[in-house]
Amino acid sequence: MISKFESPSAPPLEQPTSVPVEWLSLDHHNPRLMGAGEGTTDAKIIAELYRSEDLGELLESIAGNGYLDIEPLIVLLDSEHLIVLEGNRRLAAIRLFRDPSLAPRVFEAGQVRITVPTFPEKFRKTLDSVSVYRVASRDDARPFIGFKHINGAAKWESYAKGRFAADWYRDGVGSLADIASRIGDKHDTVKRMVNAIYVLDQAKHAGIFSIEDRASERFNFSHLYTALSRAPYMQFLGLKAAWSSYDPTPNPVPAKHLERLHEVLKWLYGSREDRVPAVVESQNPHIKHLGEVLLSNEALVVLRSTGSLLEAHLSTQPAGQKFSDALLRARREVREAANSLRGFDGRDSALVDIAEDVSETAQMIHERMKKKMREIDTGEE
């Protein structure tokens, strides 16, 4: 049976308990929040939850059914508050319904406009109190939270998974192998994600990159931990071979390669402040292509000067390969133009000039290729 108590000063441990919503506080160290920590406001946290989680859908569900108090929130007593370790999204939704001024504050803090559905008065009492399950420490809650969100039904995004495991590992309660086992991970993914978190933290502390400055709204964390497991990136950043298969250590990238780390992160994620887009638009094949560029001095010059991964990657290919690829692309494009010729109405003389230039260029290429073949046949080369 759920018990009730009058003060958050001494709530019972490990016992489902009904408490007033006012006693609950959002977790400013929630692993799914990017850039959260000391100084982060509740409004910013709710903005991030709305961006990265299905908070909008939860609001609609609660508006239609009231708050269904089925699963207790997991909480930790801290001074005068009960910090919600598991259930921040539910608490954020409840608070948005209870406080009409909160949504405008969220917009001011995070430029996220939340439309709060009309809440029926018949469900109003469901927002007054919720059931919680208090634990003595964060460590006590981690096995349940980790299993639920890393391999369970309510999976987090990869960044939240990596941040959760990294914080757990830093607390020194066990090896990554033990942590992976306790959260149900049977692969090496958690280890690679935690190593990538250490690289991100090093970059932030060095002042060369922060997640908040990424050009895209979405943060594709898998781009980073996938890249860092590939040999070209390890070589470029001065990381030891197969480094991500070992337990992480602080500041894994040598200091002399921090500028290269800055470049890699900007190529992966861009920069909102500098108005520079990411050159990696998708994991396949762009992660592979960028890795090949990193091993070519010529390609790096092209990428740094043009910001084009396509142009840079083309320069990594042998001249013969580039020529054959370009020729095949040209034939494909010319044939497509021929198939669409009915779209030319005969009025735009500029298109005729372009066609003439294409014809002359193609004829020049053909003549030079034939000449090269004759020179080989006669031994004149």
# chains A, B, ... in the order shown; residues from 1 in each chain; ligands from 1

call {"tool": "closest_atom_pairs", "arguments": {"of": "segment 110-176 of chain A", "to": "segment 63-75 of chain A", "cutoff": "10 Å", "atoms": "only C-alpha atoms", "output": "JSON lines"}}
result
{"residue": "A:Val116", "atom": "CA", "partner": "A:Ala63", "partner_atom": "CA", "distance": 8.9}
{"residue": "A:Pro117", "atom": "CA", "partner": "A:Ala63", "partner_atom": "CA", "distance": 6.4}
{"residue": "A:Thr118", "atom": "CA", "partner": "A:Ala63", "partner_atom": "CA", "distance": 6.7}
{"residue": "A:Phe119", "atom": "CA", "partner": "A:Ala63", "partner_atom": "CA", "distance": 5.1}
{"residue": "A:Pro120", "atom": "CA", "partner": "A:Ala63", "partner_atom": "CA", "distance": 6.9}
{"residue": "A:Glu121", "atom": "CA", "partner": "A:Gly66", "partner_atom": "CA", "distance": 9.5}
{"residue": "A:Lys122", "atom": "CA", "partner": "A:Gly66", "partner_atom": "CA", "distance": 8.4}
{"residue": "A:Phe123", "atom": "CA", "partner": "A:Gly66", "partner_atom": "CA", "distance": 4.9}
{"residue": "A:Arg124", "atom": "CA", "partner": "A:Gly66", "partner_atom": "CA", "distance": 7.4}
{"residue": "A:Lys125", "atom": "CA", "partner": "A:Gly66", "partner_atom": "CA", "distance": 8.6}
{"residue": "A:Thr126", "atom": "CA", "partner": "A:Tyr67", "partner_atom": "CA", "distance": 5.4}
{"residue": "A:Leu127", "atom": "CA", "partner": "A:Tyr67", "partner_atom": "CA", "distance": 6.4}
{"residue": "A:Asp128", "atom": "CA", "partner": "A:Tyr67", "partner_atom": "CA", "distance": 9.6}
{"residue": "A:Ser129", "atom": "CA", "partner": "A:Asp69", "partner_atom": "CA", "distance": 9.1}
{"residue": "A:Val130", "atom": "CA", "partner": "A:Asp69", "partner_atom": "CA", "distance": 6.3}
{"residue": "A:Ser131", "atom": "CA", "partner": "A:Pro72", "partner_atom": "CA", "distance": 4.8}
{"residue": "A:Val132", "atom": "CA", "partner": "A:Pro72", "partner_atom": "CA", "distance": 4.4}
{"residue": "A:Tyr133", "atom": "CA", "partner": "A:Ile74", "partner_atom": "CA", "distance": 4.8}
{"residue": "A:Arg134", "atom": "CA", "partner": "A:Val75", "partner_atom": "CA", "distance": 4.8}
{"residue": "A:Val135", "atom": "CA", "partner": "A:Val75", "partner_atom": "CA", "distance": 6.3}
{"residue": "A:Ala136", "atom": "CA", "partner": "A:Val75", "partner_atom": "CA", "distance": 8.9}
{"residue": "A:Ser137", "atom": "CA", "partner": "A:Val75", "partner_atom": "CA", "distance": 9.1}
{"residue": "A:Arg138", "atom": "CA", "partner": "A:Val75", "partner_atom": "CA", "distance": 8.9}
{"residue": "A:Ala141", "atom": "CA", "partner": "A:Ile74", "partner_atom": "CA", "distance": 7.4}
{"residue": "A:Phe144", "atom": "CA", "partner": "A:Ile74", "partner_atom": "CA", "distance": 9.7}
{"residue": "A:Ile145", "atom": "CA", "partner": "A:Ile74", "partner_atom": "CA", "distance": 8.9}

call {"tool": "select_by_dssp", "arguments": {"residues": "segment 228-376 of chain A", "states": "alpha helix (DSSP H)", "output": "PyMOL selection string"}}
result
chain A and resi 231-237+258-269+283-294+297-306+309-314+319-339+349-376

call {"tool": "residues_around", "arguments": {"residues": "Ala203 of chain A", "least_positions_apart": "3", "cutoff": "10 Å", "atoms": "only C-alpha atoms", "output": "ChimeraX atom specification"}}
result
/A:197-200,206-211,251,253,258-259,261-262,265

call {"tool": "write_last_selection", "arguments": {"atoms": "N, CA and C atoms", "output": "PDB file, in the first residue's frame"}}
result
ATOM      1  N   ILE A 197      32.349  10.102 -24.849  1.00  0.00           N
ATOM      2  CA  ILE A 197      31.953  11.119 -23.872  1.00  0.00           C
ATOM      3  C   ILE A 197      33.203  11.777 -23.285  1.00  0.00           C
ATOM      4  N   TYR A 198      34.225  10.985 -22.981  1.00  0.00           N
ATOM      5  CA  TYR A 198      35.465  11.535 -22.450  1.00  0.00           C
ATOM      6  C   TYR A 198      36.114  12.496 -23.448  1.00  0.00           C
ATOM      7  N   VAL A 199      36.031  12.177 -24.725  1.00  0.00           N
ATOM      8  CA  VAL A 199      36.584  13.072 -25.754  1.00  0.00           C
ATOM      9  C   VAL A 199      35.780  14.368 -25.799  1.00  0.00           C
ATOM     10  N   LEU A 200      34.455  14.266 -25.741  1.00  0.00           N
ATOM     11  CA  LEU A 200      33.618  15.472 -25.731  1.00  0.00           C
ATOM     12  C   LEU A 200      33.913  16.351 -24.518  1.00  0.00           C
ATOM     13  N   ALA A 206      38.678  22.154 -22.802  1.00  0.00           N
ATOM     14  CA  ALA A 206      39.745  22.859 -23.521  1.00  0.00           C
ATOM     15  C   ALA A 206      39.219  24.089 -24.262  1.00  0.00           C
ATOM     16  N   GLY A 207      37.898  24.243 -24.290  1.00  0.00           N
ATOM     17  CA  GLY A 207      37.299  25.411 -24.941  1.00  0.00           C
ATOM     18  C   GLY A 207      37.308  25.346 -26.450  1.00  0.00           C
ATOM     19  N   ILE A 208      37.355  24.129 -27.019  1.00  0.00           N
ATOM     20  CA  ILE A 208      37.425  24.022 -28.480  1.00  0.00           C
ATOM     21  C   ILE A 208      36.116  23.545 -29.109  1.00  0.00           C
ATOM     22  N   PHE A 209      35.195  23.027 -28.286  1.00  0.00           N
ATOM     23  CA  PHE A 209      33.911  22.587 -28.830  1.00  0.00           C
ATOM     24  C   PHE A 209      32.922  22.359 -27.697  1.00  0.00           C
ATOM     25  N   SER A 210      31.668  22.708 -27.957  1.00  0.00           N
ATOM     26  CA  SER A 210      30.595  22.375 -27.024  1.00  0.00           C
ATOM     27  C   SER A 210      29.393  21.919 -27.833  1.00  0.00           C
ATOM     28  N   ILE A 211      28.655  20.982 -27.284  1.00  0.00           N
ATOM     29  CA  ILE A 211      27.497  20.431 -27.984  1.00  0.00           C
ATOM     30  C   ILE A 211      26.490  21.519 -28.318  1.00  0.00           C
ATOM     31  N   ASN A 251      41.021  12.916 -20.755  1.00  0.00           N
ATOM     32  CA  ASN A 251      41.818  13.608 -21.776  1.00  0.00           C
ATOM     33  C   ASN A 251      42.562  12.627 -22.685  1.00  0.00           C
ATOM     34  N   VAL A 253      42.879  12.479 -25.947  1.00  0.00           N
ATOM     35  CA  VAL A 253      43.560  13.040 -27.118  1.00  0.00           C
ATOM     36  C   VAL A 253      44.781  13.834 -26.655  1.00  0.00           C
ATOM     37  N   LEU A 258      44.925  18.767 -30.103  1.00  0.00           N
ATOM     38  CA  LEU A 258      43.637  19.366 -29.762  1.00  0.00           C
ATOM     39  C   LEU A 258      43.060  20.187 -30.913  1.00  0.00           C
ATOM     40  N   GLU A 259      43.918  20.851 -31.668  1.00  0.00           N
ATOM     41  CA  GLU A 259      43.411  21.618 -32.803  1.00  0.00           C
ATOM     42  C   GLU A 259      42.807  20.677 -33.851  1.00  0.00           C
ATOM     43  N   LEU A 261      41.403  17.837 -33.102  1.00  0.00           N
ATOM     44  CA  LEU A 261      40.129  17.424 -32.512  1.00  0.00           C
ATOM     45  C   LEU A 261      39.068  18.484 -32.773  1.00  0.00           C
ATOM     46  N   HIS A 262      39.444  19.736 -32.623  1.00  0.00           N
ATOM     47  CA  HIS A 262      38.528  20.840 -32.916  1.00  0.00           C
ATOM     48  C   HIS A 262      38.028  20.744 -34.359  1.00  0.00           C
ATOM     49  N   LEU A 265      35.552  17.643 -34.809  1.00  0.00           N
ATOM     50  CA  LEU A 265      34.236  17.884 -34.218  1.00  0.00           C
ATOM     51  C   LEU A 265      33.441  18.910 -35.021  1.00  0.00           C
TER      52      LEU A 265
END

call {"tool": "closest_residue", "arguments": {"among": "A:Gly146, A:Pro248, A:Gly270, A:Gly87", "to": "Met193 of chain A", "atoms": "only C-alpha atoms"}}
result
A:Pro248

call {"tool": "atom_distance", "arguments": {"atom1": "atom CA of Val190 of chain A", "atom2": "atom CA of Glu212 of chain A"}}
result
22.9 Å

call {"tool": "residues_around", "arguments": {"residues": "Thr41 of chain A", "least_positions_apart": "5", "cutoff": "12 Å", "atoms": "only C-alpha atoms", "output": "ChimeraX atom specification"}}
result
/A:25-29,33,35-36,46-48,102,105-106,108-110

call {"tool": "write_last_selection", "arguments": {"atoms": "N, CA and C atoms", "output": "CSV table (one decimal), in the first residue's frame"}}
result
chain,number,residue,atom,x,y,z
A,25,SER,N,11.6,17.9,-7.5
A,25,SER,CA,12.5,18.8,-8.3
A,25,SER,C,13.1,18.1,-9.5
A,26,LEU,N,13.2,18.8,-10.6
A,26,LEU,CA,13.8,18.2,-11.8
A,26,LEU,C,15.3,17.9,-11.5
A,27,ASP,N,15.8,16.9,-12.2
A,27,ASP,CA,17.2,16.5,-12.0
A,27,ASP,C,18.1,17.4,-13.0
A,28,HIS,N,18.9,18.2,-12.4
A,28,HIS,CA,19.8,19.1,-13.3
A,28,HIS,C,21.0,18.3,-13.8
A,29,HIS,N,21.1,17.0,-13.4
A,29,HIS,CA,22.2,16.2,-13.9
A,29,HIS,C,21.7,15.0,-14.6
A,33,LEU,N,20.2,15.3,-20.8
A,33,LEU,CA,20.3,16.7,-21.1
A,33,LEU,C,21.7,17.1,-21.5
A,35,GLY,N,24.6,19.7,-21.9
A,35,GLY,CA,25.0,21.0,-21.4
A,35,GLY,C,24.4,21.3,-20.1
A,36,ALA,N,23.6,20.4,-19.4
A,36,ALA,CA,23.0,20.7,-18.2
A,36,ALA,C,24.0,20.6,-17.0
A,46,ILE,N,13.3,21.8,-19.3
A,46,ILE,CA,12.0,21.5,-19.9
A,46,ILE,C,12.1,21.7,-21.4
A,47,ALA,N,12.8,22.8,-21.8
A,47,ALA,CA,13.0,23.0,-23.3
A,47,ALA,C,13.8,21.9,-23.9
A,48,GLU,N,14.8,21.4,-23.2
A,48,GLU,CA,15.6,20.3,-23.8
A,48,GLU,C,14.8,19.0,-23.8
A,102,LEU,N,4.7,28.8,-17.0
A,102,LEU,CA,5.9,28.0,-17.3
A,102,LEU,C,6.2,27.9,-18.7
A,105,ARG,N,8.0,30.9,-20.0
A,105,ARG,CA,9.4,31.0,-19.5
A,105,ARG,C,10.3,30.0,-20.2
A,106,VAL,N,9.7,28.8,-20.6
A,106,VAL,CA,10.5,27.9,-21.4
A,106,VAL,C,10.9,28.4,-22.8
A,108,GLU,N,11.3,31.6,-23.5
A,108,GLU,CA,12.4,32.6,-23.2
A,108,GLU,C,13.7,32.0,-23.0
A,109,ALA,N,13.7,30.9,-22.3
A,109,ALA,CA,15.0,30.2,-21.9
A,109,ALA,C,15.6,29.4,-23.0
A,110,GLY,N,14.7,28.7,-23.8
A,110,GLY,CA,15.3,27.8,-24.8
A,110,GLY,C,14.7,28.0,-26.2

call {"tool": "closest_residue", "arguments": {"among": "A:Ser359, A:Ser18, A:Ser61, A:Ser308", "to": "Glu281 of chain A", "atoms": "only C-alpha atoms"}}
result
A:Ser308

call {"tool": "closest_residue", "arguments": {"among": "A:Leu49, A:Ile62, A:Leu228, A:Leu76", "to": "Leu13 of chain A", "atoms": "only C-alpha atoms"}}
result
A:Leu76

call {"tool": "residues_around", "arguments": {"residues": "Val264 of chain A", "least_positions_apart": "3", "cutoff": "9 Å", "atoms": "only C-alpha atoms", "output": "short mmCIF file (atom, residue, chain, number, x, y, z; two decimals) with N, CA and C atoms, in the first residue's frame"}}
result
data_model
loop_
_atom_site.label_atom_id
_atom_site.label_comp_id
_atom_site.auth_asym_id
_atom_site.auth_seq_id
_atom_site.Cartn_x
_atom_site.Cartn_y
_atom_site.Cartn_z
N TYR A 233 40.79 8.05 -37.98
CA TYR A 233 40.55 9.06 -36.96
C TYR A 233 41.52 8.90 -35.80
N LEU A 237 44.16 11.85 -34.75
CA LEU A 237 44.06 12.46 -33.41
C LEU A 237 45.12 11.97 -32.44
N GLU A 259 43.92 20.85 -31.67
CA GLU A 259 43.41 21.62 -32.80
C GLU A 259 42.81 20.68 -33.85
N ARG A 260 43.41 19.52 -34.01
CA ARG A 260 42.84 18.53 -34.93
C ARG A 260 41.50 18.01 -34.41
N LEU A 261 41.40 17.84 -33.10
CA LEU A 261 40.13 17.42 -32.51
C LEU A 261 39.07 18.48 -32.77
N TRP A 267 33.80 19.41 -38.27
CA TRP A 267 33.39 18.73 -39.50
C TRP A 267 32.21 17.79 -39.25
N LEU A 268 32.19 17.18 -38.07
CA LEU A 268 31.09 16.27 -37.74
C LEU A 268 29.80 17.01 -37.43
N TYR A 269 29.91 18.16 -36.72
CA TYR A 269 28.71 18.80 -36.18
C TYR A 269 28.52 20.26 -36.58
N LEU A 290 35.22 11.01 -44.72
CA LEU A 290 36.00 11.96 -43.93
C LEU A 290 37.26 11.30 -43.40
#

call {"tool": "closest_residue", "arguments": {"among": "A:Ser229, A:Leu300, A:Lys204, A:Gly238", "to": "Glu263 of chain A", "atoms": "only C-alpha atoms"}}
result
A:Leu300

call {"tool": "residues_around", "arguments": {"residues": "segment 317-330 of chain A", "least_positions_apart": "6", "cutoff": "10 Å", "atoms": "only C-alpha atoms", "output": "mmCIF file with N, CA and C atoms, in the first residue's frame"}}
result
data_model
loop_
_atom_site.group_PDB
_atom_site.id
_atom_site.type_symbol
_atom_site.label_atom_id
_atom_site.label_comp_id
_atom_site.auth_asym_id
_atom_site.auth_seq_id
_atom_site.Cartn_x
_atom_site.Cartn_y
_atom_site.Cartn_z
ATOM 1 N N GLU A 292 39.019 8.981 -44.794
ATOM 2 C CA GLU A 292 39.972 8.889 -45.900
ATOM 3 C C GLU A 292 40.595 10.246 -46.187
ATOM 4 N N VAL A 293 39.815 11.303 -46.025
ATOM 5 C CA VAL A 293 40.351 12.655 -46.220
ATOM 6 C C VAL A 293 41.416 12.970 -45.175
ATOM 7 N N SER A 296 45.019 12.200 -46.062
ATOM 8 C CA SER A 296 45.597 12.803 -47.269
ATOM 9 C C SER A 296 45.840 14.290 -47.050
ATOM 10 N N ALA A 299 43.933 16.327 -49.643
ATOM 11 C CA ALA A 299 42.500 16.376 -49.384
ATOM 12 C C ALA A 299 42.184 17.281 -48.200
ATOM 13 N N GLU A 336 20.558 11.772 -69.345
ATOM 14 C CA GLU A 336 19.356 12.252 -68.675
ATOM 15 C C GLU A 336 18.828 13.501 -69.356
ATOM 16 N N VAL A 358 29.158 21.794 -74.102
ATOM 17 C CA VAL A 358 29.247 20.381 -73.713
ATOM 18 C C VAL A 358 29.753 19.549 -74.877
ATOM 19 N N ALA A 362 33.246 17.518 -74.904
ATOM 20 C CA ALA A 362 33.227 16.073 -75.107
ATOM 21 C C ALA A 362 34.110 15.686 -76.300
ATOM 22 N N ILE A 365 37.781 15.904 -75.274
ATOM 23 C CA ILE A 365 38.174 14.755 -74.451
ATOM 24 C C ILE A 365 38.360 13.518 -75.322
#

call {"tool": "atom_distance", "arguments": {"atom1": "atom CA of Gly56 of chain A", "atom2": "atom CA of Ile114 of chain A"}}
result
7.7 Å

call {"tool": "residues_around", "arguments": {"residues": "Asp139 of chain A", "least_positions_apart": "4", "cutoff": "9 Å", "atoms": "only C-alpha atoms", "output": "list in words"}}
result
Val135, Pro143, Trp168, Asp171 and Val173 of chain A

call {"tool": "atom_distance", "arguments": {"atom1": "atom CA of Lys191 of chain A", "atom2": "atom CA of His223 of chain A"}}
result
15.1 Å

call {"tool": "select_by_dssp", "arguments": {"residues": "segment 131-260 of chain A", "states": "strand (DSSP E or B)", "output": "list in words"}}
result
Ser131, Val132, Tyr133, Arg134 and Val135 of chain A

call {"tool": "write_last_selection", "arguments": {"atoms": "C-alpha atoms", "output": "PDB file, in the first residue's frame"}}
result
ATOM      1  CA  SER A 131       3.784   8.169  -6.174  1.00  0.00           C
ATOM      2  CA  VAL A 132       7.556   8.038  -5.732  1.00  0.00           C
ATOM      3  CA  TYR A 133      10.139   5.433  -4.786  1.00  0.00           C
ATOM      4  CA  ARG A 134      13.045   6.907  -2.820  1.00  0.00           C
ATOM      5  CA  VAL A 135      16.566   5.521  -3.084  1.00  0.00           C
TER       6      VAL A 135
END
